[in-house]
>>> print(open('entry-v4.pdb').read())   # PDB, C-alpha atoms
ATOM      1  CA  ALA A  19      92.770  86.311  78.409  1.00  0.00           C
ATOM      2  CA  ARG A  20      93.434  83.374  76.082  1.00  0.00           C
ATOM      3  CA  PRO A  21      91.188  82.764  73.037  1.00  0.00           C
ATOM      4  CA  SER A  22      88.038  80.731  73.703  1.00  0.00           C
ATOM      5  CA  ASP A  23      89.155  77.754  71.603  1.00  0.00           C
ATOM      6  CA  VAL A  24      92.516  77.607  73.419  1.00  0.00           C
ATOM      7  CA  TYR A  25      90.742  77.943  76.790  1.00  0.00           C
ATOM      8  CA  ALA A  26      88.503  74.994  75.859  1.00  0.00           C
ATOM      9  CA  LEU A  27      91.523  72.785  75.109  1.00  0.00           C
ATOM     10  CA  GLU A  28      92.919  73.332  78.611  1.00  0.00           C
ATOM     11  CA  HIS A  29      92.960  76.070  81.240  1.00  0.00           C
ATOM     12  CA  ILE A  30      93.710  76.681  84.904  1.00  0.00           C
ATOM     13  CA  ALA A  31      91.096  74.825  86.948  1.00  0.00           C
ATOM     14  CA  GLY A  32      88.447  77.251  88.178  1.00  0.00           C
ATOM     15  CA  ALA A  33      89.407  79.966  85.683  1.00  0.00           C
ATOM     16  CA  ARG A  34      86.788  82.002  83.868  1.00  0.00           C
ATOM     17  CA  SER A  35      87.200  82.723  80.187  1.00  0.00           C
ATOM     18  CA  LEU A  36      87.583  86.399  79.321  1.00  0.00           C
ATOM     19  CA  PRO A  37      89.287  86.319  75.916  1.00  0.00           C
ATOM     20  CA  MET A  38      90.945  89.469  74.660  1.00  0.00           C
ATOM     21  CA  PHE A  39      89.646  89.023  71.100  1.00  0.00           C
ATOM     22  CA  ASP A  40      86.012  88.655  72.229  1.00  0.00           C
ATOM     23  CA  LEU A  41      86.227  91.074  75.138  1.00  0.00           C
ATOM     24  CA  ASP A  42      83.107  93.122  74.362  1.00  0.00           C
ATOM     25  CA  VAL A  43      80.857  90.056  74.302  1.00  0.00           C
ATOM     26  CA  ALA A  44      82.591  88.130  77.105  1.00  0.00           C
ATOM     27  CA  PHE A  45      82.791  91.108  79.455  1.00  0.00           C
ATOM     28  CA  ALA A  46      79.031  91.654  79.364  1.00  0.00           C
ATOM     29  CA  GLY A  47      78.469  88.311  81.116  1.00  0.00           C
ATOM     30  CA  PHE A  48      81.492  88.696  83.373  1.00  0.00           C
ATOM     31  CA  ARG A  49      80.484  92.122  84.673  1.00  0.00           C
ATOM     32  CA  GLY A  50      77.164  90.902  86.023  1.00  0.00           C
ATOM     33  CA  THR A  51      78.587  87.905  87.872  1.00  0.00           C
ATOM     34  CA  VAL A  52      81.908  88.980  89.407  1.00  0.00           C
ATOM     35  CA  ASP A  53      81.989  91.377  92.355  1.00  0.00           C
ATOM     36  CA  ARG A  54      84.215  94.429  91.783  1.00  0.00           C
ATOM     37  CA  GLU A  55      85.918  93.862  95.158  1.00  0.00           C
ATOM     38  CA  ARG A  56      86.926  90.269  94.394  1.00  0.00           C
ATOM     39  CA  THR A  57      90.589  89.508  93.655  1.00  0.00           C
ATOM     40  CA  ILE A  58      90.984  88.790  89.942  1.00  0.00           C
ATOM     41  CA  ILE A  59      94.110  87.252  88.466  1.00  0.00           C
ATOM     42  CA  THR A  60      94.525  87.515  84.711  1.00  0.00           C
ATOM     43  CA  TYR A  61      96.716  85.169  82.712  1.00  0.00           C
ATOM     44  CA  CYS A  62      97.458  84.301  79.108  1.00  0.00           C
ATOM     45  CA  SER A  63     100.119  82.327  77.261  1.00  0.00           C
ATOM     46  CA  GLY A  64     103.069  83.310  79.440  1.00  0.00           C
ATOM     47  CA  TYR A  65     105.917  85.770  79.298  1.00  0.00           C
ATOM     48  CA  GLY A  66     105.759  87.974  76.244  1.00  0.00           C
ATOM     49  CA  CYS A  67     101.977  87.714  75.915  1.00  0.00           C
ATOM     50  CA  GLN A  68     100.387  91.143  76.401  1.00  0.00           C
ATOM     51  CA  ASP A  69      96.749  89.985  76.621  1.00  0.00           C
ATOM     52  CA  SER A  70      96.674  89.456  80.400  1.00  0.00           C
ATOM     53  CA  PHE A  71      97.993  92.987  80.921  1.00  0.00           C
ATOM     54  CA  ASP A  72      95.430  94.448  78.515  1.00  0.00           C
ATOM     55  CA  ILE A  73      92.561  92.577  80.193  1.00  0.00           C
ATOM     56  CA  ALA A  74      93.811  93.710  83.620  1.00  0.00           C
ATOM     57  CA  MET A  75      93.859  97.346  82.508  1.00  0.00           C
ATOM     58  CA  HIS A  76      90.328  97.010  81.136  1.00  0.00           C
ATOM     59  CA  LEU A  77      89.114  95.553  84.431  1.00  0.00           C
ATOM     60  CA  ILE A  78      90.737  98.347  86.432  1.00  0.00           C
ATOM     61  CA  ILE A  79      89.155 100.981  84.178  1.00  0.00           C
ATOM     62  CA  GLU A  80      85.796  99.234  84.714  1.00  0.00           C
ATOM     63  CA  GLY A  81      86.192  99.666  88.485  1.00  0.00           C
ATOM     64  CA  TYR A  82      87.573  96.311  89.644  1.00  0.00           C
ATOM     65  CA  LEU A  83      89.650  97.024  92.727  1.00  0.00           C
ATOM     66  CA  ASP A  84      92.080  94.089  93.101  1.00  0.00           C
ATOM     67  CA  VAL A  85      93.393  92.971  89.712  1.00  0.00           C
ATOM     68  CA  ARG A  86      96.662  91.079  89.402  1.00  0.00           C
ATOM     69  CA  ILE A  87      98.594  89.622  86.475  1.00  0.00           C
ATOM     70  CA  TYR A  88     100.107  86.136  86.476  1.00  0.00           C
ATOM     71  CA  GLU A  89     102.989  86.768  84.084  1.00  0.00           C
ATOM     72  CA  GLY A  90     104.058  83.125  83.775  1.00  0.00           C
ATOM     73  CA  GLY A  91     100.564  82.334  82.590  1.00  0.00           C
ATOM     74  CA  PHE A  92      99.260  78.949  81.589  1.00  0.00           C
ATOM     75  CA  PRO A  93     102.627  77.497  80.496  1.00  0.00           C
ATOM     76  CA  GLU A  94     104.218  78.109  83.903  1.00  0.00           C
ATOM     77  CA  TRP A  95     101.129  76.772  85.699  1.00  0.00           C
ATOM     78  CA  GLN A  96     101.100  73.621  83.582  1.00  0.00           C
ATOM     79  CA  GLU A  97     104.856  73.044  83.980  1.00  0.00           C
ATOM     80  CA  ALA A  98     104.412  73.228  87.762  1.00  0.00           C
ATOM     81  CA  GLY A  99     101.917  70.353  87.542  1.00  0.00           C
ATOM     82  CA  LEU A 100      99.062  72.377  89.017  1.00  0.00           C
ATOM     83  CA  ALA A 101      95.383  71.628  88.412  1.00  0.00           C
ATOM     84  CA  THR A 102      94.001  72.218  84.939  1.00  0.00           C
ATOM     85  CA  ALA A 103      90.626  71.573  83.308  1.00  0.00           C
ATOM     86  CA  LYS A 104      89.246  71.122  79.822  1.00  0.00           C
ATOM     87  CA  GLY A 105      86.051  72.358  78.215  1.00  0.00           C
ATOM     88  CA  GLY A 106      84.395  75.545  77.135  1.00  0.00           C
ATOM     89  CA  PRO A 107      83.404  78.487  79.262  1.00  0.00           C
TER      90      PRO A 107
END
>>> encode(input="entry-v4.pdb", output="structure tokens")
Amino acid sequence: ARPSDVYALEHIAGARSLPMFDLDVAFAGFRGTVDRERTIITYCSGYGCQDSFDIAMHLIIEGYLDVRIYEGGFPEWQEAGLATAKGGP
């Protein structure tokens, strides 16, 4: 749910970019490539960031069946020393 430029700086390895501020454009490509029955975990910039919740609600309304929110988001992931990647979507 993080902005595209922030995603490009660093993101969770294997994550897809679905930025809240460009949702209409980004979702068009996402919808055609991600199965509605696949587990989707949304994340943003950690506790207090509402974007991952908003994206999750959008996905549920669009018919995605297993949507979860990683509340700790990228900061918690990074602090744990887990795999990250750099580059654009």
>>> residues_around(input="entry-v4.pdb", residues="A:Trp95", least_positions_apart="4", cutoff="10 Å", atoms="all atoms listed in the file", output="CSV table (one decimal) with C-alpha atoms, keeping the file's coordinate frame")
chain,number,residue,atom,x,y,z
A,29,HIS,CA,93.0,76.1,81.2
A,30,ILE,CA,93.7,76.7,84.9
A,61,TYR,CA,96.7,85.2,82.7
A,64,GLY,CA,103.1,83.3,79.4
A,88,TYR,CA,100.1,86.1,86.5
A,90,GLY,CA,104.1,83.1,83.8
A,91,GLY,CA,100.6,82.3,82.6
A,99,GLY,CA,101.9,70.4,87.5
A,100,LEU,CA,99.1,72.4,89.0
A,101,ALA,CA,95.4,71.6,88.4
A,102,THR,CA,94.0,72.2,84.9
>>> resolve_selection(input="entry-v4.pdb", expression="the PyMOL selection byres ((chain A and resi 85) around 10)", output="MDAnalysis selection string")
chainID A and resid 54:60 71 73:78 81:84 86:87
>>> residues_around(input="entry-v4.pdb", residues="A:Leu41", least_positions_apart="2", cutoff="12 Å", atoms="only C-alpha atoms", output="PyMOL selection string")
chain A and resi 19-22+35-39+43-49+69-70+72-74+76-77
>>> axis_aligned_box(input="entry-v4.pdb", around="stretch 89-96 of chain A", padding_each_side="6 Å", output="lines of an AutoDock Vina configuration file")
center_x = 101.7
center_y = 80.2
center_z = 83.1
size_x = 17.0
size_y = 25.1
size_z = 17.2
>>> atom_distance(input="entry-v4.pdb", atom1="atom CA of A:Lys104", atom2="atom CA of A:Asp53")
24.9 Å
>>> residues_around(input="entry-v4.pdb", residues="A:Ala103", least_positions_apart="4", cutoff="12 Å", atoms="only C-alpha atoms", output="mmCIF file with C-alpha atoms, keeping the file's coordinate frame")
data_model
loop_
_atom_site.group_PDB
_atom_site.id
_atom_site.type_symbol
_atom_site.label_atom_id
_atom_site.label_comp_id
_atom_site.auth_asym_id
_atom_site.auth_seq_id
_atom_site.Cartn_x
_atom_site.Cartn_y
_atom_site.Cartn_z
ATOM 1 C CA VAL A 24 92.516 77.607 73.419
ATOM 2 C CA TYR A 25 90.742 77.943 76.790
ATOM 3 C CA ALA A 26 88.503 74.994 75.859
ATOM 4 C CA LEU A 27 91.523 72.785 75.109
ATOM 5 C CA GLU A 28 92.919 73.332 78.611
ATOM 6 C CA HIS A 29 92.960 76.070 81.240
ATOM 7 C CA ILE A 30 93.710 76.681 84.904
ATOM 8 C CA ALA A 31 91.096 74.825 86.948
ATOM 9 C CA GLY A 32 88.447 77.251 88.178
ATOM 10 C CA ALA A 33 89.407 79.966 85.683
ATOM 11 C CA ARG A 34 86.788 82.002 83.868
ATOM 12 C CA PHE A 92 99.260 78.949 81.589
ATOM 13 C CA TRP A 95 101.129 76.772 85.699
ATOM 14 C CA GLN A 96 101.100 73.621 83.582
ATOM 15 C CA PRO A 107 83.404 78.487 79.262
#
>>> closest_residue(input="entry-v4.pdb", among="A:Glu89, A:Glu94, A:Asp40, A:Glu80", to="A:Cys67", atoms="all atoms listed in the file")
A:Glu89
>>> decode(input="entry-v4.pdb", residues="stretch 77-106 of chain A", atoms="N, CA, C and O atoms", output="PDB file, in the first residue's frame")
ATOM      1  N   LEU A  77      -9.881  -4.613  -1.607  1.00  0.00           N
ATOM      2  CA  LEU A  77      -9.738  -5.959  -2.168  1.00  0.00           C
ATOM      3  C   LEU A  77     -10.911  -6.861  -1.784  1.00  0.00           C
ATOM      4  O   LEU A  77     -11.416  -7.625  -2.608  1.00  0.00           O
ATOM      5  N   ILE A  78     -11.345  -6.764  -0.552  1.00  0.00           N
ATOM      6  CA  ILE A  78     -12.498  -7.559  -0.102  1.00  0.00           C
ATOM      7  C   ILE A  78     -13.749  -7.165  -0.880  1.00  0.00           C
ATOM      8  O   ILE A  78     -14.495  -8.030  -1.346  1.00  0.00           O
ATOM      9  N   ILE A  79     -13.970  -5.881  -1.049  1.00  0.00           N
ATOM     10  CA  ILE A  79     -15.133  -5.407  -1.819  1.00  0.00           C
ATOM     11  C   ILE A  79     -15.062  -5.909  -3.264  1.00  0.00           C
ATOM     12  O   ILE A  79     -16.085  -6.240  -3.864  1.00  0.00           O
ATOM     13  N   GLU A  80     -13.847  -6.017  -3.804  1.00  0.00           N
ATOM     14  CA  GLU A  80     -13.653  -6.500  -5.172  1.00  0.00           C
ATOM     15  C   GLU A  80     -13.747  -8.021  -5.286  1.00  0.00           C
ATOM     16  O   GLU A  80     -13.593  -8.575  -6.363  1.00  0.00           O
ATOM     17  N   GLY A  81     -13.986  -8.714  -4.168  1.00  0.00           N
ATOM     18  CA  GLY A  81     -14.225 -10.149  -4.216  1.00  0.00           C
ATOM     19  C   GLY A  81     -13.045 -11.031  -3.851  1.00  0.00           C
ATOM     20  O   GLY A  81     -13.125 -12.258  -3.990  1.00  0.00           O
ATOM     21  N   TYR A  82     -11.960 -10.454  -3.351  1.00  0.00           N
ATOM     22  CA  TYR A  82     -10.837 -11.287  -2.900  1.00  0.00           C
ATOM     23  C   TYR A  82     -11.226 -11.925  -1.574  1.00  0.00           C
ATOM     24  O   TYR A  82     -11.779 -11.274  -0.692  1.00  0.00           O
ATOM     25  N   LEU A  83     -10.968 -13.227  -1.454  1.00  0.00           N
ATOM     26  CA  LEU A  83     -11.540 -14.008  -0.364  1.00  0.00           C
ATOM     27  C   LEU A  83     -10.668 -14.142   0.878  1.00  0.00           C
ATOM     28  O   LEU A  83     -11.186 -14.420   1.961  1.00  0.00           O
ATOM     29  N   ASP A  84      -9.354 -14.004   0.756  1.00  0.00           N
ATOM     30  CA  ASP A  84      -8.461 -14.200   1.903  1.00  0.00           C
ATOM     31  C   ASP A  84      -7.474 -13.039   1.967  1.00  0.00           C
ATOM     32  O   ASP A  84      -6.348 -13.130   1.486  1.00  0.00           O
ATOM     33  N   VAL A  85      -7.905 -11.941   2.561  1.00  0.00           N
ATOM     34  CA  VAL A  85      -7.102 -10.727   2.646  1.00  0.00           C
ATOM     35  C   VAL A  85      -6.744 -10.489   4.112  1.00  0.00           C
ATOM     36  O   VAL A  85      -7.616 -10.503   4.972  1.00  0.00           O
ATOM     37  N   ARG A  86      -5.455 -10.280   4.353  1.00  0.00           N
ATOM     38  CA  ARG A  86      -4.972 -10.070   5.711  1.00  0.00           C
ATOM     39  C   ARG A  86      -4.134  -8.798   5.763  1.00  0.00           C
ATOM     40  O   ARG A  86      -3.604  -8.369   4.753  1.00  0.00           O
ATOM     41  N   ILE A  87      -4.003  -8.228   6.941  1.00  0.00           N
ATOM     42  CA  ILE A  87      -3.251  -6.986   7.111  1.00  0.00           C
ATOM     43  C   ILE A  87      -2.063  -7.249   8.032  1.00  0.00           C
ATOM     44  O   ILE A  87      -2.225  -7.790   9.132  1.00  0.00           O
ATOM     45  N   TYR A  88      -0.872  -6.879   7.562  1.00  0.00           N
ATOM     46  CA  TYR A  88       0.329  -6.967   8.384  1.00  0.00           C
ATOM     47  C   TYR A  88       0.524  -5.607   9.033  1.00  0.00           C
ATOM     48  O   TYR A  88       1.066  -4.687   8.428  1.00  0.00           O
ATOM     49  N   GLU A  89       0.041  -5.461  10.265  1.00  0.00           N
ATOM     50  CA  GLU A  89       0.010  -4.167  10.931  1.00  0.00           C
ATOM     51  C   GLU A  89       1.393  -3.576  11.189  1.00  0.00           C
ATOM     52  O   GLU A  89       1.567  -2.370  11.151  1.00  0.00           O
ATOM     53  N   GLY A  90       2.380  -4.408  11.465  1.00  0.00           N
ATOM     54  CA  GLY A  90       3.729  -3.912  11.712  1.00  0.00           C
ATOM     55  C   GLY A  90       4.376  -3.352  10.465  1.00  0.00           C
ATOM     56  O   GLY A  90       5.307  -2.551  10.528  1.00  0.00           O
ATOM     57  N   GLY A  91       3.886  -3.780   9.331  1.00  0.00           N
ATOM     58  CA  GLY A  91       4.325  -3.268   8.041  1.00  0.00           C
ATOM     59  C   GLY A  91       5.809  -3.387   7.774  1.00  0.00           C
ATOM     60  O   GLY A  91       6.521  -4.182   8.387  1.00  0.00           O
ATOM     61  N   PHE A  92       6.262  -2.576   6.827  1.00  0.00           N
ATOM     62  CA  PHE A  92       7.651  -2.644   6.396  1.00  0.00           C
ATOM     63  C   PHE A  92       8.654  -2.372   7.520  1.00  0.00           C
ATOM     64  O   PHE A  92       9.662  -3.069   7.618  1.00  0.00           O
ATOM     65  N   PRO A  93       8.406  -1.406   8.413  1.00  0.00           N
ATOM     66  CA  PRO A  93       9.385  -1.175   9.474  1.00  0.00           C
ATOM     67  C   PRO A  93       9.633  -2.410  10.351  1.00  0.00           C
ATOM     68  O   PRO A  93      10.778  -2.738  10.654  1.00  0.00           O
ATOM     69  N   GLU A  94       8.580  -3.100  10.733  1.00  0.00           N
ATOM     70  CA  GLU A  94       8.733  -4.289  11.570  1.00  0.00           C
ATOM     71  C   GLU A  94       9.470  -5.396  10.809  1.00  0.00           C
ATOM     72  O   GLU A  94      10.336  -6.078  11.361  1.00  0.00           O
ATOM     73  N   TRP A  95       9.127  -5.569   9.543  1.00  0.00           N
ATOM     74  CA  TRP A  95       9.767  -6.568   8.689  1.00  0.00           C
ATOM     75  C   TRP A  95      11.274  -6.296   8.591  1.00  0.00           C
ATOM     76  O   TRP A  95      12.101  -7.183   8.774  1.00  0.00           O
ATOM     77  N   GLN A  96      11.609  -5.056   8.321  1.00  0.00           N
ATOM     78  CA  GLN A  96      13.000  -4.650   8.159  1.00  0.00           C
ATOM     79  C   GLN A  96      13.771  -4.813   9.468  1.00  0.00           C
ATOM     80  O   GLN A  96      14.895  -5.323   9.468  1.00  0.00           O
ATOM     81  N   GLU A  97      13.179  -4.409  10.583  1.00  0.00           N
ATOM     82  CA  GLU A  97      13.823  -4.553  11.889  1.00  0.00           C
ATOM     83  C   GLU A  97      14.092  -6.009  12.233  1.00  0.00           C
ATOM     84  O   GLU A  97      15.056  -6.318  12.946  1.00  0.00           O
ATOM     85  N   ALA A  98      13.258  -6.915  11.750  1.00  0.00           N
ATOM     86  CA  ALA A  98      13.437  -8.344  12.000  1.00  0.00           C
ATOM     87  C   ALA A  98      14.544  -8.938  11.118  1.00  0.00           C
ATOM     88  O   ALA A  98      14.904 -10.095  11.278  1.00  0.00           O
ATOM     89  N   GLY A  99      15.063  -8.153  10.188  1.00  0.00           N
ATOM     90  CA  GLY A  99      16.136  -8.630   9.322  1.00  0.00           C
ATOM     91  C   GLY A  99      15.664  -9.575   8.230  1.00  0.00           C
ATOM     92  O   GLY A  99      16.464 -10.350   7.691  1.00  0.00           O
ATOM     93  N   LEU A 100      14.393  -9.497   7.876  1.00  0.00           N
ATOM     94  CA  LEU A 100      13.851 -10.375   6.840  1.00  0.00           C
ATOM     95  C   LEU A 100      14.150  -9.832   5.452  1.00  0.00           C
ATOM     96  O   LEU A 100      14.540  -8.680   5.290  1.00  0.00           O
ATOM     97  N   ALA A 101      13.975 -10.659   4.441  1.00  0.00           N
ATOM     98  CA  ALA A 101      14.366 -10.328   3.073  1.00  0.00           C
ATOM     99  C   ALA A 101      13.626  -9.125   2.511  1.00  0.00           C
ATOM    100  O   ALA A 101      12.403  -9.034   2.604  1.00  0.00           O
ATOM    101  N   THR A 102      14.395  -8.209   1.930  1.00  0.00           N
ATOM    102  CA  THR A 102      13.837  -7.055   1.250  1.00  0.00           C
ATOM    103  C   THR A 102      14.428  -6.978  -0.156  1.00  0.00           C
ATOM    104  O   THR A 102      15.374  -7.683  -0.480  1.00  0.00           O
ATOM    105  N   ALA A 103      13.844  -6.145  -0.964  1.00  0.00           N
ATOM    106  CA  ALA A 103      14.315  -5.946  -2.356  1.00  0.00           C
ATOM    107  C   ALA A 103      14.203  -4.478  -2.697  1.00  0.00           C
ATOM    108  O   ALA A 103      13.514  -3.722  -2.021  1.00  0.00           O
ATOM    109  N   LYS A 104      14.881  -4.089  -3.754  1.00  0.00           N
ATOM    110  CA  LYS A 104      14.824  -2.715  -4.243  1.00  0.00           C
ATOM    111  C   LYS A 104      14.392  -2.720  -5.703  1.00  0.00           C
ATOM    112  O   LYS A 104      14.543  -3.704  -6.394  1.00  0.00           O
ATOM    113  N   GLY A 105      13.846  -1.621  -6.163  1.00  0.00           N
ATOM    114  CA  GLY A 105      13.439  -1.503  -7.550  1.00  0.00           C
ATOM    115  C   GLY A 105      11.957  -1.274  -7.691  1.00  0.00           C
ATOM    116  O   GLY A 105      11.190  -1.498  -6.765  1.00  0.00           O
ATOM    117  N   GLY A 106      11.585  -0.821  -8.848  1.00  0.00           N
ATOM    118  CA  GLY A 106      10.196  -0.492  -9.137  1.00  0.00           C
ATOM    119  C   GLY A 106       9.344  -1.709  -9.359  1.00  0.00           C
ATOM    120  O   GLY A 106       9.832  -2.829  -9.449  1.00  0.00           O
TER     121      GLY A 106
END
